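Data block for data-v6.txt (compact mmCIF, C-alpha atoms):
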```
# COMPACT_ATOMS: atom_id res chain seq x y z
CA MET A 1 123.35 74.24 109.01
CA GLY A 2 122.61 77.09 106.68
CA GLN A 3 118.90 76.60 107.25
CA CYS A 4 116.70 79.38 108.53
CA ASN A 5 116.89 79.50 112.27
CA CYS A 6 113.09 79.70 112.50
CA HIS A 7 113.17 76.06 111.45
CA LYS A 8 114.99 75.13 114.63
CA LYS A 9 112.52 77.16 116.63
CA ARG A 10 109.65 75.15 115.23
CA LYS A 11 110.89 71.97 116.83
CA ASP A 12 110.92 73.27 120.37
CA SER A 13 108.07 75.71 120.20
CA GLN A 14 104.68 76.03 118.58
CA GLU A 15 104.19 75.80 114.82
CA LEU A 16 105.19 78.66 112.56
CA THR A 17 102.32 80.72 111.16
CA ASP A 18 101.49 80.58 107.44
CA VAL A 19 103.30 83.87 106.89
CA GLU A 20 106.40 82.71 108.78
CA ARG A 21 106.45 79.49 106.78
CA ALA A 22 106.16 81.56 103.60
CA ILE A 23 109.12 83.73 104.63
CA GLU A 24 111.10 80.60 105.46
CA ILE A 25 110.43 79.27 101.94
CA VAL A 26 111.76 82.49 100.38
CA ILE A 27 114.87 82.30 102.63
CA ASN A 28 115.54 78.64 101.89
CA ASN A 29 115.13 79.31 98.18
CA PHE A 30 118.02 81.79 98.37
CA GLN A 31 120.21 79.27 100.16
CA ARG A 32 119.31 76.52 97.70
CA TYR A 33 120.64 78.53 94.75
CA ALA A 34 123.64 80.12 96.47
CA VAL A 35 125.98 77.25 95.66
CA LYS A 36 128.88 78.91 93.84
CA GLY A 37 131.47 80.73 95.91
CA ARG A 38 130.26 81.91 99.27
CA LYS A 39 127.14 80.05 100.34
CA GLU A 40 125.63 83.23 101.73
CA CYS A 41 125.70 85.01 98.35
CA LEU A 42 124.11 84.50 94.92
CA THR A 43 125.87 85.24 91.63
CA PRO A 44 123.75 87.00 88.96
CA ASN A 45 123.64 83.70 87.01
CA GLU A 46 122.39 81.85 90.07
CA LEU A 47 119.76 84.54 90.55
CA ARG A 48 118.71 84.19 86.91
CA GLU A 49 118.39 80.43 87.32
CA LEU A 50 116.35 80.95 90.48
CA VAL A 51 114.03 83.42 88.70
CA VAL A 52 113.55 81.19 85.63
CA GLN A 53 112.88 78.06 87.67
CA GLN A 54 111.10 79.41 90.73
CA LEU A 55 109.49 82.71 89.71
CA PRO A 56 108.18 82.21 86.16
CA HIS A 57 104.90 84.09 86.76
CA LEU A 58 106.45 86.86 88.81
CA SER A 59 109.06 87.53 86.12
CA GLN A 60 106.32 87.63 83.44
CA HIS A 61 104.62 90.39 85.40
CA VAL A 62 107.78 92.36 85.91
CA CYS A 63 109.51 92.68 82.56
CA SER A 64 112.41 94.63 83.99
CA LEU A 65 113.55 91.80 86.26
CA ASP A 66 115.71 90.37 83.52
CA GLU A 67 117.26 93.77 82.77
CA LYS A 68 117.93 94.27 86.49
CA ILE A 69 119.88 91.03 86.61
CA GLU A 70 121.94 92.22 83.62
CA CYS A 71 123.03 95.24 85.65
CA LEU A 72 124.21 93.32 88.71
CA GLY A 73 127.77 92.82 87.53
CA ASP A 74 129.85 89.85 86.34
CA PRO A 75 127.35 86.97 85.90
CA ASP A 76 129.54 84.42 87.67
CA GLU A 77 131.58 86.60 89.98
CA ALA A 78 129.38 89.33 91.46
CA LYS A 79 128.09 88.47 94.91
CA LEU A 80 124.52 89.32 95.87
CA GLU A 81 123.75 89.25 99.54
CA PHE A 82 120.46 88.12 100.99
CA GLY A 83 119.26 91.71 101.40
CA GLU A 84 119.72 92.40 97.68
CA TYR A 85 117.87 89.23 96.73
CA TRP A 86 115.05 90.18 99.09
CA ALA A 87 114.87 93.70 97.63
CA ILE A 88 114.72 92.43 94.03
CA ILE A 89 111.90 90.02 94.87
CA GLY A 90 110.14 92.81 96.76
CA GLU A 91 110.21 95.08 93.75
CA ALA A 92 108.83 92.31 91.60
CA ALA A 93 106.15 91.57 94.20
CA LYS A 94 105.26 95.25 94.36
CA GLY A 95 104.86 95.37 90.57
CA CYS A 96 102.76 92.24 90.72
CA ARG A 97 100.61 93.67 93.49
CA VAL A 98 99.80 97.04 91.96
CA LYS A 99 99.32 95.79 88.39
CA LYS A 100 95.64 95.47 87.52
CA MET B 101 90.23 93.37 93.97
CA GLY B 102 93.18 94.18 96.15
CA GLN B 103 94.47 90.64 95.62
CA CYS B 104 97.88 89.90 94.19
CA ASN B 105 97.68 89.78 90.44
CA CYS B 106 99.59 86.49 90.40
CA HIS B 107 96.39 85.00 91.73
CA LYS B 108 94.54 85.90 88.55
CA LYS B 109 97.39 84.48 86.52
CA ARG B 110 97.02 81.15 88.22
CA LYS B 111 93.56 80.65 86.80
CA ASP B 112 94.56 80.94 83.18
CA SER B 113 98.06 79.50 83.36
CA GLN B 114 99.97 76.80 85.17
CA GLU B 115 100.16 76.62 88.94
CA LEU B 116 102.34 79.03 90.86
CA THR B 117 105.57 77.56 92.24
CA ASP B 118 106.03 77.09 96.00
CA VAL B 119 108.15 80.24 96.15
CA GLU B 120 105.59 82.29 94.20
CA ARG B 121 102.83 81.04 96.49
CA ALA B 122 104.96 82.02 99.48
CA ILE B 123 105.45 85.54 98.09
CA GLU B 124 101.73 85.77 97.45
CA ILE B 125 101.06 84.90 101.10
CA VAL B 126 103.38 87.70 102.28
CA ILE B 127 101.66 90.16 99.89
CA ASN B 128 98.15 89.16 100.91
CA ASN B 129 99.13 89.43 104.57
CA PHE B 130 99.99 93.11 103.98
CA GLN B 131 96.64 93.73 102.33
CA ARG B 132 94.76 91.91 105.06
CA TYR B 133 96.09 94.27 107.75
CA ALA B 134 96.02 97.49 105.73
CA VAL B 135 92.44 98.33 106.64
CA LYS B 136 92.65 101.81 108.16
CA GLY B 137 92.94 104.75 105.79
CA ARG B 138 94.39 103.89 102.43
CA LYS B 139 94.11 100.19 101.69
CA GLU B 140 97.56 100.18 100.09
CA CYS B 141 99.29 101.36 103.31
CA LEU B 142 99.75 100.03 106.85
CA THR B 143 99.77 102.23 109.95
CA PRO B 144 102.46 101.40 112.57
CA ASN B 145 99.70 99.98 114.81
CA GLU B 146 98.48 97.75 112.00
CA LEU B 147 102.04 96.60 111.44
CA ARG B 148 102.41 95.85 115.14
CA GLU B 149 99.20 93.82 115.08
CA LEU B 150 100.45 91.95 112.02
CA VAL B 151 103.80 91.20 113.70
CA VAL B 152 102.21 90.02 116.97
CA GLN B 153 99.64 87.81 115.26
CA GLN B 154 101.50 86.57 112.19
CA LEU B 155 105.22 86.76 113.00
CA PRO B 156 105.57 85.69 116.65
CA HIS B 157 108.72 83.60 116.06
CA LEU B 158 110.35 86.06 113.69
CA SER B 159 109.88 88.90 116.15
CA GLN B 160 111.37 86.77 118.94
CA HIS B 161 114.49 86.33 116.85
CA VAL B 162 114.76 90.00 116.00
CA CYS B 163 114.43 91.96 119.19
CA SER B 164 114.74 95.30 117.44
CA LEU B 165 111.58 94.81 115.37
CA ASP B 166 109.45 96.33 118.11
CA GLU B 167 111.81 99.30 118.45
CA LYS B 168 111.74 99.80 114.68
CA ILE B 169 107.96 100.04 114.73
CA GLU B 170 108.21 102.69 117.47
CA CYS B 171 110.29 104.84 115.13
CA LEU B 172 107.89 104.73 112.20
CA GLY B 173 105.84 107.76 113.24
CA ASP B 174 102.33 108.33 114.58
CA PRO B 175 100.95 104.86 115.42
CA ASP B 176 97.59 105.47 113.76
CA GLU B 177 98.43 108.05 111.14
CA ALA B 178 101.80 107.22 109.56
CA LYS B 179 101.44 105.36 106.28
CA LEU B 180 103.78 102.52 105.43
CA GLU B 181 103.85 101.47 101.84
CA PHE B 182 104.31 97.92 100.67
CA GLY B 183 108.03 98.45 99.99
CA GLU B 184 108.64 99.53 103.60
CA TYR B 185 106.72 96.52 104.95
CA TRP B 186 108.75 94.23 102.67
CA ALA B 187 112.02 95.82 103.82
CA ILE B 188 111.15 95.44 107.53
CA ILE B 189 110.29 91.77 107.05
CA GLY B 190 113.47 91.32 105.02
CA GLU B 191 115.61 92.70 107.81
CA ALA B 192 113.92 90.39 110.27
CA ALA B 193 114.35 87.44 107.89
CA LYS B 194 118.02 88.34 107.45
CA GLY B 195 118.52 88.40 111.21
CA CYS B 196 116.71 85.10 111.49
CA ARG B 197 118.81 83.58 108.70
CA VAL B 198 122.22 84.54 109.99
CA LYS B 199 121.55 83.88 113.68
CA LYS B 200 123.01 80.58 114.79
```
Would you encode the structure as structure tokens?
Amino acid sequence: MGQCNCHKKRKDSQELTDVERAIEIVINNFQRYAVKGRKECLTPNELRELVVQQLPHLSQHVCSLDEKIECLGDPDEAKLEFGEYWAIIGEAAKGCRVKK
Amino acid sequence: MGQCNCHKKRKDSQELTDVERAIEIVINNFQRYAVKGRKECLTPNELRELVVQQLPHLSQHVCSLDEKIECLGDPDEAKLEFGEYWAIIGEAAKGCRVKK
């Protein structure tokens, strides 16, 4: 319960591809840190913890990630949905990708 | 060249985390299919090829993915930047995550 549905699919179908497995890891990472309040949302503090523990290199490349988290609202009360988490990681990934 | 910069980082620092490696896989997948025209963009046809070959389970879960690709413009000429690719995958991942 609360796991990516692709996981279920794997058991009764062929293996996920490398890219699908990678996406599943990013999804499960969200769910792992979304413990306070609604399970389907992250607080800014949970996101910060996630970034510090799971994205140390990505956050080094994208200096503004920390500032972005500051702007997300009350650190323990604001609720970030999966789409917002995905967008923040995407911006960081984009910065990482284009940086030479 | 054209590789995620995190890759370079790995050589002179500690190992990437599982989540960072996963993000790197999703980034490199974009670059692998962005062969026509500008290397930093995908055409809708390239995106379709990517989805068929790399995201077979994800696209099964999200029926509208194929329709979305239809709406992206000229199949061989429209240029999708990394952020658009990331957003499309995110929507699919979101659908996959919430589907029970």
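Taking atom CA of A:Gly90 and atom CA of A:Val26 as the two end points, the separation is 11.1 Å.
The spacing separating atom CA of A:Ile25 from atom CA of B:Asp118 amounts to 7.7 Å.
In terms of minimum interatomic distance to A:Pro44, A:Gly73 ranks closest within A:Glu84, A:Ile89, A:Gly73, A:Gly95, counting only C-alpha atoms.
Closest approach to chain A among B:Leu147, B:Leu142, B:Ile127, B:Leu172: B:Ile127, based on all atoms listed in the file.
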One-decimal distance in Å that lies between atom CA of B:Leu180 and atom CA of B:Glu140 | 8.5 Å
Nearest to chain B among A:Glu15, A:Glu67, A:Glu49, A:Asp76, with distances taken over only C-alpha atoms: which residue is it?
-> A:Glu15
Pick out the residues sitting within 10 Å of A:Arg48, and hand them over as a PyMOL selection string; count all atoms listed in the file, and ignore anything fewer than 2 positions along from it in its own chain.
-> chain A and resi 33+42-46+50-55+65-66+69-70+75
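Restricting the calculation to all atoms listed in the file, the smallest distance between chain B and any of A:Arg32, A:Lys39, A:Lys79, A:His57 is found for A:His57.
Between chain A and the candidates B:Ala134, B:Ser159, B:Asn128, B:Thr117, the tightest atom-to-atom separation, counting all atoms listed in the file, involves B:Thr117.
Shortest atom-to-atom contact with chain A among B:Val135, B:Cys141, B:Cys171, B:Ile123: B:Ile123, counting all atoms listed in the file.
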Would you place a box with edges along x, y and z of the file around all atoms of stretch 82-93 of chain A listed there, add 6 Å to each of its six sides, and report the centre and edge lengths in Å to one decimal, as JSON?
```
{"center_x": 113.3, "center_y": 91.6, "center_z": 96.5, "size_x": 26.3, "size_y": 19.0, "size_z": 21.8}
```
Could all heavy atoms be built for stretch 179-190 of chain B and written out as an mmCIF file, in the frame of the given file?
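The resulting file, rebuild.cif, is reproduced below:
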```cif
data_model
loop_
_atom_site.group_PDB
_atom_site.id
_atom_site.type_symbol
_atom_site.label_atom_id
_atom_site.label_comp_id
_atom_site.auth_asym_id
_atom_site.auth_seq_id
_atom_site.Cartn_x
_atom_site.Cartn_y
_atom_site.Cartn_z
ATOM 1 N N LYS B 179 101.817 106.292 107.343
ATOM 2 C CA LYS B 179 101.440 105.360 106.280
ATOM 3 C C LYS B 179 102.663 104.624 105.768
ATOM 4 O O LYS B 179 103.597 105.246 105.254
ATOM 5 C CB LYS B 179 100.825 106.131 105.096
ATOM 6 C CG LYS B 179 99.630 106.998 105.447
ATOM 7 C CD LYS B 179 98.414 106.154 105.708
ATOM 8 C CE LYS B 179 97.172 107.032 105.894
ATOM 9 N NZ LYS B 179 96.065 106.253 106.469
ATOM 10 N N LEU B 180 102.657 103.331 105.914
ATOM 11 C CA LEU B 180 103.780 102.520 105.430
ATOM 12 C C LEU B 180 103.387 101.844 104.133
ATOM 13 O O LEU B 180 102.399 101.102 104.090
ATOM 14 C CB LEU B 180 104.131 101.448 106.456
ATOM 15 C CG LEU B 180 104.428 101.980 107.849
ATOM 16 C CD1 LEU B 180 104.523 100.841 108.834
ATOM 17 C CD2 LEU B 180 105.714 102.778 107.812
ATOM 18 N N GLU B 181 104.157 102.099 103.116
ATOM 19 C CA GLU B 181 103.850 101.470 101.840
ATOM 20 C C GLU B 181 104.372 100.038 101.810
ATOM 21 O O GLU B 181 105.163 99.625 102.658
ATOM 22 C CB GLU B 181 104.470 102.291 100.708
ATOM 23 C CG GLU B 181 103.791 103.649 100.630
ATOM 24 C CD GLU B 181 104.171 104.421 99.392
ATOM 25 O OE1 GLU B 181 105.071 103.971 98.665
ATOM 26 O OE2 GLU B 181 103.557 105.475 99.173
ATOM 27 N N PHE B 182 103.944 99.325 100.782
ATOM 28 C CA PHE B 182 104.310 97.920 100.670
ATOM 29 C C PHE B 182 105.827 97.699 100.723
ATOM 30 O O PHE B 182 106.317 96.783 101.379
ATOM 31 C CB PHE B 182 103.740 97.318 99.377
ATOM 32 C CG PHE B 182 104.113 95.878 99.178
ATOM 33 C CD1 PHE B 182 103.467 94.879 99.894
ATOM 34 C CD2 PHE B 182 105.132 95.514 98.308
ATOM 35 C CE1 PHE B 182 103.820 93.544 99.747
ATOM 36 C CE2 PHE B 182 105.500 94.180 98.152
ATOM 37 C CZ PHE B 182 104.839 93.202 98.859
ATOM 38 N N GLY B 183 106.571 98.583 100.047
ATOM 39 C CA GLY B 183 108.030 98.450 99.990
ATOM 40 C C GLY B 183 108.665 98.531 101.378
ATOM 41 O O GLY B 183 109.646 97.845 101.670
ATOM 42 N N GLU B 184 108.099 99.389 102.249
ATOM 43 C CA GLU B 184 108.640 99.530 103.600
ATOM 44 C C GLU B 184 108.334 98.269 104.432
ATOM 45 O O GLU B 184 109.172 97.795 105.189
ATOM 46 C CB GLU B 184 108.030 100.759 104.282
ATOM 47 C CG GLU B 184 108.431 102.065 103.611
ATOM 48 C CD GLU B 184 107.638 103.256 104.125
ATOM 49 O OE1 GLU B 184 106.526 103.497 103.602
ATOM 50 O OE2 GLU B 184 108.116 103.931 105.039
ATOM 51 N N TYR B 185 107.108 97.764 104.278
ATOM 52 C CA TYR B 185 106.720 96.520 104.950
ATOM 53 C C TYR B 185 107.655 95.392 104.524
ATOM 54 O O TYR B 185 108.190 94.646 105.347
ATOM 55 C CB TYR B 185 105.270 96.221 104.564
ATOM 56 C CG TYR B 185 104.806 94.783 104.658
ATOM 57 C CD1 TYR B 185 104.496 94.205 105.887
ATOM 58 C CD2 TYR B 185 104.635 94.012 103.504
ATOM 59 C CE1 TYR B 185 104.026 92.889 105.953
ATOM 60 C CE2 TYR B 185 104.170 92.705 103.561
ATOM 61 C CZ TYR B 185 103.871 92.150 104.791
ATOM 62 O OH TYR B 185 103.419 90.858 104.853
ATOM 63 N N TRP B 186 107.897 95.300 103.207
ATOM 64 C CA TRP B 186 108.750 94.230 102.670
ATOM 65 C C TRP B 186 110.166 94.354 103.233
ATOM 66 O O TRP B 186 110.808 93.373 103.603
ATOM 67 C CB TRP B 186 108.759 94.306 101.137
ATOM 68 C CG TRP B 186 109.483 93.155 100.504
ATOM 69 C CD1 TRP B 186 110.790 93.131 100.114
ATOM 70 C CD2 TRP B 186 108.946 91.855 100.209
ATOM 71 N NE1 TRP B 186 111.112 91.888 99.590
ATOM 72 C CE2 TRP B 186 110.002 91.095 99.637
ATOM 73 C CE3 TRP B 186 107.689 91.260 100.378
ATOM 74 C CZ2 TRP B 186 109.825 89.767 99.224
ATOM 75 C CZ3 TRP B 186 107.526 89.939 99.966
ATOM 76 C CH2 TRP B 186 108.576 89.209 99.410
ATOM 77 N N ALA B 187 110.653 95.600 103.326
ATOM 78 C CA ALA B 187 112.020 95.820 103.820
ATOM 79 C C ALA B 187 112.135 95.446 105.301
ATOM 80 O O ALA B 187 113.140 94.844 105.723
ATOM 81 C CB ALA B 187 112.421 97.278 103.610
ATOM 82 N N ILE B 188 111.130 95.769 106.093
ATOM 83 C CA ILE B 188 111.150 95.440 107.530
ATOM 84 C C ILE B 188 111.163 93.918 107.713
ATOM 85 O O ILE B 188 111.940 93.368 108.491
ATOM 86 C CB ILE B 188 109.951 96.088 108.257
ATOM 87 C CG1 ILE B 188 110.181 97.597 108.358
ATOM 88 C CG2 ILE B 188 109.740 95.477 109.642
ATOM 89 C CD1 ILE B 188 108.974 98.388 108.799
ATOM 90 N N ILE B 189 110.318 93.233 106.954
ATOM 91 C CA ILE B 189 110.290 91.770 107.050
ATOM 92 C C ILE B 189 111.620 91.187 106.580
ATOM 93 O O ILE B 189 112.139 90.224 107.147
ATOM 94 C CB ILE B 189 109.118 91.189 106.240
ATOM 95 C CG1 ILE B 189 107.813 91.542 106.943
ATOM 96 C CG2 ILE B 189 109.239 89.675 106.092
ATOM 97 C CD1 ILE B 189 106.610 90.851 106.397
ATOM 98 N N GLY B 190 112.189 91.798 105.542
ATOM 99 C CA GLY B 190 113.470 91.320 105.020
ATOM 100 C C GLY B 190 114.583 91.432 106.044
ATOM 101 O O GLY B 190 115.398 90.521 106.183
#
```
